[in-house]
Amino acid sequence: MRSGSQLQKLSAGTPEYFSPWSWLLPNTMSFMLRVNTRRGARSVNQTMWRTCGVFCAWILLFLTDVCAQSQRRPVFTCGGNITADSGVIGSQGYPGVYPPNTKCVWKITVPEGKVVVLSFRFIDLESDNLCRYDYVDVYSGHVNGQRLGRFCGTFKPGALVSTGNKMLLQMLSDANTAGSGFLAVFSAAHPHERGERYCGGRLDKPSGTFKTPNWPEKDYPAGVTCSWHIVAPKNQIIEVKFEKFDVERDNYCRYDHVSIFNGAEINDAKRIGKYCGDSPPAPVLSDGNQLLIQFLSDLSLTADGFIGHYKFRPKKFPTTTTAPTTTTSPVTTRPIPLKYSVALCQQKCKRRGTLESNYCSSNFVITGTVITAVMRGGSTYATVSIINVYKEGNLAIQQAGKTMSTKIVILCKKCPFIRRGLNYVFTGQVDEDGRGKIAPQHFVMAFKTKNQKGLNVLKNKQC
């Protein structure tokens, strides 16, 4: 057994012997050395074991607390029935990547006499202009309810409010996943609860008014979603006019905007128009007895908002404007094929009519720069960087930051002939995949700055 002085020499000469403890318990080591001086090696061993016991007990308590916290973290599964005053819903496996080829349905029920208010805290689904691949649908009610919205990408809508005490969420993913899914919270609220973030509802009186929250005292709030479902008797249609209109301006209405749809749900195939800026849209007439108006604001800039009026009209009331006298019959009456054929490309390559006469008969009207143009199988496949969108229709538009692009097929590779790097006005039809198709009869012309004014006039034209 070494004496205290010998242990001090040993510790001084071999600091590495004590280094594993020095960063943990320096005061304890100092105490141990003082004990060593007095009591010898046996006391050293007893003190070290006692210290190790205390330290291990502390580590055990720490790990137990960590495990308890991990066990309290919610585990999100695919769908379910939820009955509560409030709660949290997440995609399967959130925050991990959601699985492919799944369909998950969540049915929310709050107490009778209240409505469901749903807010997305996070959303990251495969991005697509038409939300055709991975998306979340939100419905008011559990069966045959009004669809409040379809969402994908990373855009978070504002609060969604059901008309009754039930709401349904449905998430679909295809074979190619891309994202962490979504996280949403819901709560029960009293119907027609007055608050700056709640708006919309069912309108079934012969005439009425709808407006953004806070109108006209102050700007509408950021992060809201309003849906007005207007329902007329079956033998009537609906006319909508905006009295005042001021919504955050953007060339493509990507941020704050108003969309109007024929029917009772949000369906891009039935969208009449998408509006923003400070110019009131032209009056809108529905095709049938139902119309859906949706207003969305993002989480940044806001503006004055709008006030609009609606009224019912007899169904015999004309629903379209008279066709311009300059419109030629092939453009308006004869369907143009959306596939390449030898017969199609043997026609004389000559555009017909004017840009104005072709505007209403076209599914899409855009200006853009040709980025790539590849000839394949008698047709030209082009990628176009969009300058401006005047009529979107069902055209699939990809967005990366503020840059937007789309795919266009020139059915006959040299009619019209386009060159890479040049700017054009494109009009045409859209196939079931959202891709633009341009035949020899469609109107395509070189785009110059002087054309901008005329195109802006056409954009506000009611077809």
# chains A, B, ... in the order shown; residues from 1 in each chain; ligands from 1
call {"tool": "residues_around", "arguments": {"residues": "A:Phe447", "least_positions_apart": "2", "cutoff": "12 Å", "atoms": "only C-alpha atoms", "output": "PDB file with N, CA, C and O atoms, in the first residue's frame"}}
result
ATOM      1  N   LEU A 355     -55.395  37.504 -82.808  1.00  0.00           N
ATOM      2  CA  LEU A 355     -55.212  37.102 -81.425  1.00  0.00           C
ATOM      3  C   LEU A 355     -56.518  37.274 -80.650  1.00  0.00           C
ATOM      4  O   LEU A 355     -56.910  36.424 -79.838  1.00  0.00           O
ATOM      5  N   ILE A 366     -50.487  32.334 -73.279  1.00  0.00           N
ATOM      6  CA  ILE A 366     -49.331  32.746 -72.488  1.00  0.00           C
ATOM      7  C   ILE A 366     -48.316  33.433 -73.385  1.00  0.00           C
ATOM      8  O   ILE A 366     -48.373  33.315 -74.623  1.00  0.00           O
ATOM      9  N   THR A 367     -47.405  34.162 -72.768  1.00  0.00           N
ATOM     10  CA  THR A 367     -46.207  34.629 -73.470  1.00  0.00           C
ATOM     11  C   THR A 367     -45.012  33.986 -72.784  1.00  0.00           C
ATOM     12  O   THR A 367     -45.014  33.783 -71.567  1.00  0.00           O
ATOM     13  N   GLY A 368     -43.989  33.642 -73.582  1.00  0.00           N
ATOM     14  CA  GLY A 368     -42.843  32.979 -72.996  1.00  0.00           C
ATOM     15  C   GLY A 368     -41.668  32.860 -73.930  1.00  0.00           C
ATOM     16  O   GLY A 368     -41.765  33.134 -75.133  1.00  0.00           O
ATOM     17  N   THR A 369     -40.551  32.443 -73.342  1.00  0.00           N
ATOM     18  CA  THR A 369     -39.303  32.255 -74.083  1.00  0.00           C
ATOM     19  C   THR A 369     -39.045  30.766 -74.256  1.00  0.00           C
ATOM     20  O   THR A 369     -39.122  30.001 -73.282  1.00  0.00           O
ATOM     21  N   VAL A 370     -38.721  30.342 -75.475  1.00  0.00           N
ATOM     22  CA  VAL A 370     -38.439  28.936 -75.745  1.00  0.00           C
ATOM     23  C   VAL A 370     -37.067  28.588 -75.177  1.00  0.00           C
ATOM     24  O   VAL A 370     -36.045  29.143 -75.592  1.00  0.00           O
ATOM     25  N   ILE A 386     -42.087  31.009 -68.804  1.00  0.00           N
ATOM     26  CA  ILE A 386     -43.251  31.879 -68.936  1.00  0.00           C
ATOM     27  C   ILE A 386     -42.916  33.323 -68.574  1.00  0.00           C
ATOM     28  O   ILE A 386     -42.296  33.595 -67.546  1.00  0.00           O
ATOM     29  N   ILE A 387     -43.330  34.237 -69.448  1.00  0.00           N
ATOM     30  CA  ILE A 387     -43.228  35.673 -69.167  1.00  0.00           C
ATOM     31  C   ILE A 387     -44.489  36.138 -68.455  1.00  0.00           C
ATOM     32  O   ILE A 387     -44.440  36.815 -67.440  1.00  0.00           O
ATOM     33  N   ASN A 388     -45.649  35.734 -68.998  1.00  0.00           N
ATOM     34  CA  ASN A 388     -46.922  36.110 -68.389  1.00  0.00           C
ATOM     35  C   ASN A 388     -47.999  35.112 -68.780  1.00  0.00           C
ATOM     36  O   ASN A 388     -47.919  34.477 -69.839  1.00  0.00           O
ATOM     37  N   ILE A 418     -40.796  27.398 -84.392  1.00  0.00           N
ATOM     38  CA  ILE A 418     -40.303  28.212 -83.277  1.00  0.00           C
ATOM     39  C   ILE A 418     -38.799  28.009 -83.118  1.00  0.00           C
ATOM     40  O   ILE A 418     -38.275  26.945 -83.465  1.00  0.00           O
ATOM     41  N   LEU A 422     -36.154  32.671 -78.458  1.00  0.00           N
ATOM     42  CA  LEU A 422     -37.033  33.755 -78.891  1.00  0.00           C
ATOM     43  C   LEU A 422     -38.323  33.760 -78.063  1.00  0.00           C
ATOM     44  O   LEU A 422     -38.720  32.748 -77.484  1.00  0.00           O
ATOM     45  N   ASN A 423     -38.983  34.923 -78.037  1.00  0.00           N
ATOM     46  CA  ASN A 423     -40.216  35.110 -77.276  1.00  0.00           C
ATOM     47  C   ASN A 423     -41.432  35.008 -78.191  1.00  0.00           C
ATOM     48  O   ASN A 423     -41.421  35.555 -79.315  1.00  0.00           O
ATOM     49  N   TYR A 424     -42.494  34.355 -77.691  1.00  0.00           N
ATOM     50  CA  TYR A 424     -43.701  34.154 -78.497  1.00  0.00           C
ATOM     51  C   TYR A 424     -44.951  34.352 -77.659  1.00  0.00           C
ATOM     52  O   TYR A 424     -44.918  34.235 -76.420  1.00  0.00           O
ATOM     53  N   VAL A 425     -46.056  34.610 -78.361  1.00  0.00           N
ATOM     54  CA  VAL A 425     -47.396  34.490 -77.788  1.00  0.00           C
ATOM     55  C   VAL A 425     -47.915  33.126 -78.220  1.00  0.00           C
ATOM     56  O   VAL A 425     -47.997  32.836 -79.417  1.00  0.00           O
ATOM     57  N   PHE A 426     -48.246  32.274 -77.254  1.00  0.00           N
ATOM     58  CA  PHE A 426     -48.739  30.930 -77.545  1.00  0.00           C
ATOM     59  C   PHE A 426     -50.211  30.823 -77.167  1.00  0.00           C
ATOM     60  O   PHE A 426     -50.612  31.210 -76.061  1.00  0.00           O
ATOM     61  N   PHE A 443     -53.153  30.085 -83.041  1.00  0.00           N
ATOM     62  CA  PHE A 443     -52.530  31.387 -83.248  1.00  0.00           C
ATOM     63  C   PHE A 443     -51.267  31.496 -82.410  1.00  0.00           C
ATOM     64  O   PHE A 443     -51.313  31.480 -81.180  1.00  0.00           O
ATOM     65  N   VAL A 444     -50.133  31.590 -83.080  1.00  0.00           N
ATOM     66  CA  VAL A 444     -48.830  31.788 -82.435  1.00  0.00           C
ATOM     67  C   VAL A 444     -48.124  32.921 -83.161  1.00  0.00           C
ATOM     68  O   VAL A 444     -48.095  32.942 -84.395  1.00  0.00           O
ATOM     69  N   MET A 445     -47.558  33.848 -82.406  1.00  0.00           N
ATOM     70  CA  MET A 445     -46.861  34.977 -83.033  1.00  0.00           C
ATOM     71  C   MET A 445     -45.685  35.394 -82.160  1.00  0.00           C
ATOM     72  O   MET A 445     -45.627  35.081 -80.964  1.00  0.00           O
ATOM     73  N   THR A 449     -42.905  43.897 -76.912  1.00  0.00           N
ATOM     74  CA  THR A 449     -43.407  44.669 -75.775  1.00  0.00           C
ATOM     75  C   THR A 449     -44.699  45.401 -76.109  1.00  0.00           C
ATOM     76  O   THR A 449     -45.590  45.536 -75.261  1.00  0.00           O
ATOM     77  N   LYS A 450     -44.841  45.849 -77.347  1.00  0.00           N
ATOM     78  CA  LYS A 450     -46.039  46.597 -77.730  1.00  0.00           C
ATOM     79  C   LYS A 450     -47.305  45.737 -77.678  1.00  0.00           C
ATOM     80  O   LYS A 450     -48.421  46.277 -77.631  1.00  0.00           O
ATOM     81  N   ASN A 451     -47.147  44.394 -77.666  1.00  0.00           N
ATOM     82  CA  ASN A 451     -48.315  43.509 -77.581  1.00  0.00           C
ATOM     83  C   ASN A 451     -48.885  43.429 -76.167  1.00  0.00           C
ATOM     84  O   ASN A 451     -50.003  42.939 -75.964  1.00  0.00           O
ATOM     85  N   GLN A 452     -48.117  43.904 -75.186  1.00  0.00           N
ATOM     86  CA  GLN A 452     -48.496  43.736 -73.784  1.00  0.00           C
ATOM     87  C   GLN A 452     -49.838  44.390 -73.473  1.00  0.00           C
ATOM     88  O   GLN A 452     -50.690  43.805 -72.797  1.00  0.00           O
ATOM     89  N   LYS A 453     -50.066  45.586 -73.966  1.00  0.00           N
ATOM     90  CA  LYS A 453     -51.286  46.323 -73.658  1.00  0.00           C
ATOM     91  C   LYS A 453     -52.518  45.590 -74.177  1.00  0.00           C
ATOM     92  O   LYS A 453     -53.517  45.431 -73.469  1.00  0.00           O
ATOM     93  N   GLY A 454     -52.451  45.113 -75.406  1.00  0.00           N
ATOM     94  CA  GLY A 454     -53.585  44.389 -75.982  1.00  0.00           C
ATOM     95  C   GLY A 454     -53.887  43.103 -75.243  1.00  0.00           C
ATOM     96  O   GLY A 454     -55.056  42.736 -75.047  1.00  0.00           O
ATOM     97  N   LEU A 455     -52.851  42.411 -74.798  1.00  0.00           N
ATOM     98  CA  LEU A 455     -53.046  41.175 -74.050  1.00  0.00           C
ATOM     99  C   LEU A 455     -53.681  41.440 -72.688  1.00  0.00           C
ATOM    100  O   LEU A 455     -54.515  40.657 -72.220  1.00  0.00           O
TER     101      LEU A 455
END
call {"tool": "residues_around", "arguments": {"residues": "stretch 241-251 of chain A", "least_positions_apart": "6", "cutoff": "8 Å", "atoms": "only C-alpha atoms", "output": "CSV table (one decimal) with N, CA, C and O atoms, in the first residue's frame"}}
result
chain,number,residue,atom,x,y,z
A,257,HIS,N,-55.2,35.6,-53.8
A,257,HIS,CA,-56.0,35.6,-55.1
A,257,HIS,C,-57.5,35.2,-54.8
A,257,HIS,O,-57.8,34.6,-53.7
A,276,CYS,N,-56.4,38.8,-59.1
A,276,CYS,CA,-55.7,39.5,-58.1
A,276,CYS,C,-55.4,40.9,-58.6
A,276,CYS,O,-55.9,41.3,-59.7
A,277,GLY,N,-54.7,41.8,-57.9
A,277,GLY,CA,-54.5,43.2,-58.4
A,277,GLY,C,-55.6,44.1,-57.8
A,277,GLY,O,-56.3,43.8,-56.9
A,278,ASP,N,-55.6,45.3,-58.5
A,278,ASP,CA,-56.5,46.3,-58.0
A,278,ASP,C,-57.6,46.7,-59.0
A,278,ASP,O,-58.3,47.7,-58.8
A,279,SER,N,-57.8,45.9,-60.0
A,279,SER,CA,-58.9,46.1,-61.0
A,279,SER,C,-60.0,45.1,-60.8
A,279,SER,O,-59.7,43.9,-60.8
A,280,PRO,N,-61.2,45.5,-60.6
A,280,PRO,CA,-62.3,44.5,-60.4
A,280,PRO,C,-62.5,43.6,-61.6
A,280,PRO,O,-62.5,44.1,-62.7
A,281,PRO,N,-62.6,42.3,-61.4
A,281,PRO,CA,-62.9,41.4,-62.5
A,281,PRO,C,-64.2,41.8,-63.2
A,281,PRO,O,-65.1,42.4,-62.6
A,282,ALA,N,-64.3,41.3,-64.5
A,282,ALA,CA,-65.6,41.5,-65.2
A,282,ALA,C,-66.7,40.7,-64.5
A,282,ALA,O,-66.4,39.7,-63.8
A,283,PRO,N,-67.9,41.0,-64.7
A,283,PRO,CA,-69.0,40.2,-64.1
A,283,PRO,C,-68.9,38.8,-64.6
A,283,PRO,O,-68.5,38.5,-65.7
A,284,VAL,N,-69.3,37.9,-63.7
A,284,VAL,CA,-69.2,36.5,-63.9
A,284,VAL,C,-70.6,35.8,-63.9
A,284,VAL,O,-71.4,36.2,-63.0
A,301,LEU,N,-47.7,39.9,-47.6
A,301,LEU,CA,-48.4,41.1,-47.8
A,301,LEU,C,-49.9,41.0,-47.9
A,301,LEU,O,-50.4,39.9,-48.3
A,302,THR,N,-50.6,42.0,-47.4
A,302,THR,CA,-52.0,42.1,-47.5
A,302,THR,C,-52.5,43.4,-48.2
A,302,THR,O,-51.6,44.2,-48.6
A,303,ALA,N,-53.8,43.6,-48.4
A,303,ALA,CA,-54.3,44.7,-49.1
A,303,ALA,C,-55.7,45.1,-48.6
A,303,ALA,O,-56.1,44.5,-47.6
A,304,ASP,N,-56.4,46.0,-49.3
A,304,ASP,CA,-57.7,46.4,-48.8
A,304,ASP,C,-58.7,45.3,-48.8
A,304,ASP,O,-59.6,45.2,-47.9
A,305,GLY,N,-58.6,44.4,-49.8
A,305,GLY,CA,-59.6,43.4,-49.9
A,305,GLY,C,-60.7,43.7,-51.0
A,305,GLY,O,-60.4,44.5,-51.9
A,306,PHE,N,-61.9,43.2,-50.8
A,306,PHE,CA,-62.9,43.4,-51.8
A,306,PHE,C,-64.3,43.2,-51.2
A,306,PHE,O,-64.5,42.7,-50.1
A,307,ILE,N,-65.3,43.7,-51.9
A,307,ILE,CA,-66.7,43.5,-51.7
A,307,ILE,C,-67.3,43.1,-53.0
A,307,ILE,O,-67.1,43.8,-54.0
A,308,GLY,N,-68.1,42.1,-53.0
A,308,GLY,CA,-68.8,41.7,-54.2
A,308,GLY,C,-70.3,41.4,-53.9
A,308,GLY,O,-70.7,41.2,-52.8
A,309,HIS,N,-71.1,41.3,-55.0
A,309,HIS,CA,-72.5,41.1,-54.9
A,309,HIS,C,-72.9,40.0,-55.8
A,309,HIS,O,-72.3,39.8,-56.9
A,310,TYR,N,-73.9,39.3,-55.5
A,310,TYR,CA,-74.4,38.2,-56.4
A,310,TYR,C,-76.0,38.3,-56.4
A,310,TYR,O,-76.6,38.9,-55.5
A,388,ASN,N,-45.6,35.7,-69.0
A,388,ASN,CA,-46.9,36.1,-68.4
A,388,ASN,C,-48.0,35.1,-68.8
A,388,ASN,O,-47.9,34.5,-69.8
A,389,VAL,N,-49.0,34.9,-67.9
A,389,VAL,CA,-50.1,34.1,-68.1
A,389,VAL,C,-51.4,34.9,-68.3
A,389,VAL,O,-51.7,35.7,-67.4
call {"tool": "atom_distance", "arguments": {"atom1": "atom CA of A:Ser91", "atom2": "atom CA of A:Pro157"}}
result
16.6 Å
call {"tool": "residues_around", "arguments": {"residues": "A:Ile82", "least_positions_apart": "3", "cutoff": "8 Å", "atoms": "only C-alpha atoms", "output": "PDB file with N, CA, C and O atoms, in the first residue's frame"}}
result
ATOM      1  N   TRP A 106     -59.074  10.881 -42.618  1.00  0.00           N
ATOM      2  CA  TRP A 106     -59.318  11.250 -41.220  1.00  0.00           C
ATOM      3  C   TRP A 106     -60.709  11.877 -41.125  1.00  0.00           C
ATOM      4  O   TRP A 106     -61.032  12.807 -41.885  1.00  0.00           O
ATOM      5  N   LYS A 107     -61.526  11.385 -40.210  1.00  0.00           N
ATOM      6  CA  LYS A 107     -62.865  11.929 -39.984  1.00  0.00           C
ATOM      7  C   LYS A 107     -62.887  12.605 -38.619  1.00  0.00           C
ATOM      8  O   LYS A 107     -62.692  11.956 -37.592  1.00  0.00           O
ATOM      9  N   ILE A 108     -63.119  13.917 -38.623  1.00  0.00           N
ATOM     10  CA  ILE A 108     -63.119  14.715 -37.397  1.00  0.00           C
ATOM     11  C   ILE A 108     -64.559  15.014 -36.999  1.00  0.00           C
ATOM     12  O   ILE A 108     -65.373  15.415 -37.840  1.00  0.00           O
ATOM     13  N   THR A 109     -64.871  14.841 -35.734  1.00  0.00           N
ATOM     14  CA  THR A 109     -66.183  15.187 -35.193  1.00  0.00           C
ATOM     15  C   THR A 109     -66.002  15.992 -33.914  1.00  0.00           C
ATOM     16  O   THR A 109     -65.288  15.562 -33.006  1.00  0.00           O
TER      17      THR A 109
END
call {"tool": "residues_around", "arguments": {"residues": "A:Pro416", "least_positions_apart": "4", "cutoff": "12 Å", "atoms": "only C-alpha atoms", "output": "PyMOL selection string"}}
result
chain A and resi 345+347-352+379-380+409-412+424-428+437-446
call {"tool": "write_last_selection", "arguments": {"atoms": "C-alpha atoms", "output": "tab-separated table (two decimals), in the first residue's frame"}}
result
chain	number	residue	atom	x	y	z
A	345	CYS	CA	-49.48	18.38	-91.08
A	347	GLN	CA	-52.58	21.32	-94.31
A	348	LYS	CA	-51.45	24.75	-95.36
A	349	CYS	CA	-49.43	26.32	-92.56
A	350	LYS	CA	-51.30	29.54	-91.98
A	351	ARG	CA	-52.69	30.90	-88.74
A	352	ARG	CA	-56.30	32.00	-88.87
A	379	SER	CA	-43.61	17.02	-83.62
A	380	THR	CA	-41.61	19.56	-81.62
A	409	VAL	CA	-46.03	20.20	-78.04
A	410	ILE	CA	-46.07	21.68	-81.55
A	411	LEU	CA	-47.97	18.85	-83.28
A	412	CYS	CA	-46.45	19.60	-86.69
A	424	TYR	CA	-43.70	34.15	-78.50
A	425	VAL	CA	-47.40	34.49	-77.79
A	426	PHE	CA	-48.74	30.93	-77.54
A	427	THR	CA	-52.40	29.90	-77.76
A	428	GLY	CA	-53.70	26.35	-77.95
A	437	LYS	CA	-50.90	21.25	-77.69
A	438	ILE	CA	-50.55	23.57	-80.68
A	439	ALA	CA	-51.86	22.64	-84.15
A	440	PRO	CA	-51.29	24.53	-87.42
A	441	GLN	CA	-54.60	26.40	-86.99
A	442	HIS	CA	-53.70	27.81	-83.60
A	443	PHE	CA	-52.53	31.39	-83.25
A	444	VAL	CA	-48.83	31.79	-82.43
A	445	MET	CA	-46.86	34.98	-83.03
A	446	ALA	CA	-43.60	36.62	-82.03
call {"tool": "decode", "arguments": {"residues": "stretch 63-169 of chain A", "atoms": "C-alpha atoms", "output": "PDB file, in the first residue's frame"}}
result
ATOM      1  CA  LEU A  63     -32.024   8.352 -19.793  1.00  0.00           C
ATOM      2  CA  THR A  64     -35.344   7.464 -18.181  1.00  0.00           C
ATOM      3  CA  ASP A  65     -36.577  11.024 -18.724  1.00  0.00           C
ATOM      4  CA  VAL A  66     -35.452  10.985 -22.370  1.00  0.00           C
ATOM      5  CA  CYS A  67     -37.283   7.704 -22.988  1.00  0.00           C
ATOM      6  CA  ALA A  68     -40.427   9.068 -21.345  1.00  0.00           C
ATOM      7  CA  GLN A  69     -40.348  12.133 -23.589  1.00  0.00           C
ATOM      8  CA  SER A  70     -39.928   9.994 -26.716  1.00  0.00           C
ATOM      9  CA  GLN A  71     -42.858   7.871 -25.635  1.00  0.00           C
ATOM     10  CA  ARG A  72     -45.021  11.004 -25.250  1.00  0.00           C
ATOM     11  CA  ARG A  73     -44.243  12.127 -28.832  1.00  0.00           C
ATOM     12  CA  PRO A  74     -47.313  11.409 -31.007  1.00  0.00           C
ATOM     13  CA  VAL A  75     -47.104   8.676 -33.634  1.00  0.00           C
ATOM     14  CA  PHE A  76     -49.127   9.533 -36.747  1.00  0.00           C
ATOM     15  CA  THR A  77     -50.847   6.707 -38.607  1.00  0.00           C
ATOM     16  CA  CYS A  78     -52.805   6.517 -41.857  1.00  0.00           C
ATOM     17  CA  GLY A  79     -56.237   7.985 -41.139  1.00  0.00           C
ATOM     18  CA  GLY A  80     -58.690   7.437 -38.316  1.00  0.00           C
ATOM     19  CA  ASN A  81     -61.866   8.655 -36.617  1.00  0.00           C
ATOM     20  CA  ILE A  82     -61.266  11.525 -34.191  1.00  0.00           C
ATOM     21  CA  THR A  83     -63.925  12.824 -31.791  1.00  0.00           C
ATOM     22  CA  ALA A  84     -62.682  15.697 -29.624  1.00  0.00           C
ATOM     23  CA  ASP A  85     -62.878  19.427 -28.994  1.00  0.00           C
ATOM     24  CA  SER A  86     -59.383  19.851 -30.423  1.00  0.00           C
ATOM     25  CA  GLY A  87     -56.473  17.788 -31.660  1.00  0.00           C
ATOM     26  CA  VAL A  88     -53.515  17.285 -33.978  1.00  0.00           C
ATOM     27  CA  ILE A  89     -53.447  15.379 -37.277  1.00  0.00           C
ATOM     28  CA  GLY A  90     -50.323  14.404 -39.198  1.00  0.00           C
ATOM     29  CA  SER A  91     -49.548  12.408 -42.306  1.00  0.00           C
ATOM     30  CA  GLN A  92     -48.399   8.822 -41.821  1.00  0.00           C
ATOM     31  CA  GLY A  93     -44.901   8.781 -40.303  1.00  0.00           C
ATOM     32  CA  TYR A  94     -44.649  12.576 -39.968  1.00  0.00           C
ATOM     33  CA  PRO A  95     -42.079  14.162 -39.801  1.00  0.00           C
ATOM     34  CA  GLY A  96     -40.549  11.361 -41.851  1.00  0.00           C
ATOM     35  CA  VAL A  97     -41.245  10.945 -45.572  1.00  0.00           C
ATOM     36  CA  TYR A  98     -44.780   9.680 -46.167  1.00  0.00           C
ATOM     37  CA  PRO A  99     -45.124   6.280 -47.929  1.00  0.00           C
ATOM     38  CA  PRO A 100     -46.050   5.911 -51.613  1.00  0.00           C
ATOM     39  CA  ASN A 101     -49.334   4.647 -53.073  1.00  0.00           C
ATOM     40  CA  THR A 102     -51.439   5.334 -50.004  1.00  0.00           C
ATOM     41  CA  LYS A 103     -54.891   6.761 -49.331  1.00  0.00           C
ATOM     42  CA  CYS A 104     -55.517   7.994 -45.792  1.00  0.00           C
ATOM     43  CA  VAL A 105     -58.823   9.387 -44.503  1.00  0.00           C
ATOM     44  CA  TRP A 106     -59.318  11.250 -41.220  1.00  0.00           C
ATOM     45  CA  LYS A 107     -62.865  11.929 -39.984  1.00  0.00           C
ATOM     46  CA  ILE A 108     -63.119  14.715 -37.397  1.00  0.00           C
ATOM     47  CA  THR A 109     -66.183  15.187 -35.193  1.00  0.00           C
ATOM     48  CA  VAL A 110     -66.625  17.985 -32.654  1.00  0.00           C
ATOM     49  CA  PRO A 111     -69.607  18.511 -30.307  1.00  0.00           C
ATOM     50  CA  GLU A 112     -73.037  19.156 -31.841  1.00  0.00           C
ATOM     51  CA  GLY A 113     -73.798  22.796 -32.491  1.00  0.00           C
ATOM     52  CA  LYS A 114     -70.178  23.691 -33.246  1.00  0.00           C
ATOM     53  CA  VAL A 115     -68.030  23.822 -36.387  1.00  0.00           C
ATOM     54  CA  VAL A 116     -64.516  22.542 -37.091  1.00  0.00           C
ATOM     55  CA  VAL A 117     -61.683  25.040 -37.618  1.00  0.00           C
ATOM     56  CA  LEU A 118     -58.603  23.447 -39.229  1.00  0.00           C
ATOM     57  CA  SER A 119     -55.181  25.083 -39.652  1.00  0.00           C
ATOM     58  CA  PHE A 120     -52.123  23.593 -41.352  1.00  0.00           C
ATOM     59  CA  ARG A 121     -48.951  24.127 -39.329  1.00  0.00           C
ATOM     60  CA  PHE A 122     -46.690  22.447 -41.907  1.00  0.00           C
ATOM     61  CA  ILE A 123     -47.192  21.030 -45.402  1.00  0.00           C
ATOM     62  CA  ASP A 124     -44.635  19.490 -47.761  1.00  0.00           C
ATOM     63  CA  LEU A 125     -46.152  17.350 -50.523  1.00  0.00           C
ATOM     64  CA  GLU A 126     -45.064  16.716 -54.097  1.00  0.00           C
ATOM     65  CA  SER A 127     -45.558  20.021 -55.907  1.00  0.00           C
ATOM     66  CA  ASP A 128     -47.749  20.250 -59.005  1.00  0.00           C
ATOM     67  CA  ASN A 129     -49.716  23.144 -60.457  1.00  0.00           C
ATOM     68  CA  LEU A 130     -52.930  21.092 -60.517  1.00  0.00           C
ATOM     69  CA  CYS A 131     -52.159  18.938 -57.426  1.00  0.00           C
ATOM     70  CA  ARG A 132     -52.645  15.771 -59.508  1.00  0.00           C
ATOM     71  CA  TYR A 133     -50.161  13.475 -57.763  1.00  0.00           C
ATOM     72  CA  ASP A 134     -49.781  13.843 -53.983  1.00  0.00           C
ATOM     73  CA  TYR A 135     -52.383  16.046 -52.291  1.00  0.00           C
ATOM     74  CA  VAL A 136     -54.664  16.626 -49.296  1.00  0.00           C
ATOM     75  CA  ASP A 137     -58.389  17.239 -49.809  1.00  0.00           C
ATOM     76  CA  VAL A 138     -60.420  18.884 -47.050  1.00  0.00           C
ATOM     77  CA  TYR A 139     -64.213  18.460 -46.970  1.00  0.00           C
ATOM     78  CA  SER A 140     -66.974  19.939 -44.856  1.00  0.00           C
ATOM     79  CA  GLY A 141     -68.845  16.908 -43.532  1.00  0.00           C
ATOM     80  CA  HIS A 142     -68.102  13.187 -43.800  1.00  0.00           C
ATOM     81  CA  VAL A 143     -70.297  12.143 -46.746  1.00  0.00           C
ATOM     82  CA  ASN A 144     -70.853  14.096 -49.988  1.00  0.00           C
ATOM     83  CA  GLY A 145     -69.592  17.266 -48.333  1.00  0.00           C
ATOM     84  CA  GLN A 146     -68.379  20.444 -49.974  1.00  0.00           C
ATOM     85  CA  ARG A 147     -64.681  20.342 -50.758  1.00  0.00           C
ATOM     86  CA  LEU A 148     -63.015  23.266 -49.023  1.00  0.00           C
ATOM     87  CA  GLY A 149     -59.725  22.869 -50.863  1.00  0.00           C
ATOM     88  CA  ARG A 150     -57.057  20.646 -52.383  1.00  0.00           C
ATOM     89  CA  PHE A 151     -53.501  21.352 -51.283  1.00  0.00           C
ATOM     90  CA  CYS A 152     -49.998  20.233 -52.279  1.00  0.00           C
ATOM     91  CA  GLY A 153     -46.475  21.634 -52.432  1.00  0.00           C
ATOM     92  CA  THR A 154     -45.520  23.820 -49.472  1.00  0.00           C
ATOM     93  CA  PHE A 155     -48.250  26.477 -49.557  1.00  0.00           C
ATOM     94  CA  LYS A 156     -50.112  26.701 -46.229  1.00  0.00           C
ATOM     95  CA  PRO A 157     -53.716  27.881 -46.608  1.00  0.00           C
ATOM     96  CA  GLY A 158     -55.462  29.876 -43.947  1.00  0.00           C
ATOM     97  CA  ALA A 159     -57.990  28.507 -41.469  1.00  0.00           C
ATOM     98  CA  LEU A 160     -60.578  26.176 -43.039  1.00  0.00           C
ATOM     99  CA  VAL A 161     -64.021  26.155 -41.426  1.00  0.00           C
ATOM    100  CA  SER A 162     -66.699  23.476 -41.854  1.00  0.00           C
ATOM    101  CA  THR A 163     -70.406  24.287 -42.054  1.00  0.00           C
ATOM    102  CA  GLY A 164     -71.293  21.661 -39.426  1.00  0.00           C
ATOM    103  CA  ASN A 165     -69.624  19.658 -36.681  1.00  0.00           C
ATOM    104  CA  LYS A 166     -67.824  17.271 -39.035  1.00  0.00           C
ATOM    105  CA  MET A 167     -64.819  17.544 -41.336  1.00  0.00           C
ATOM    106  CA  LEU A 168     -62.959  15.024 -43.495  1.00  0.00           C
ATOM    107  CA  LEU A 169     -59.315  15.032 -44.638  1.00  0.00           C
TER     108      LEU A 169
END
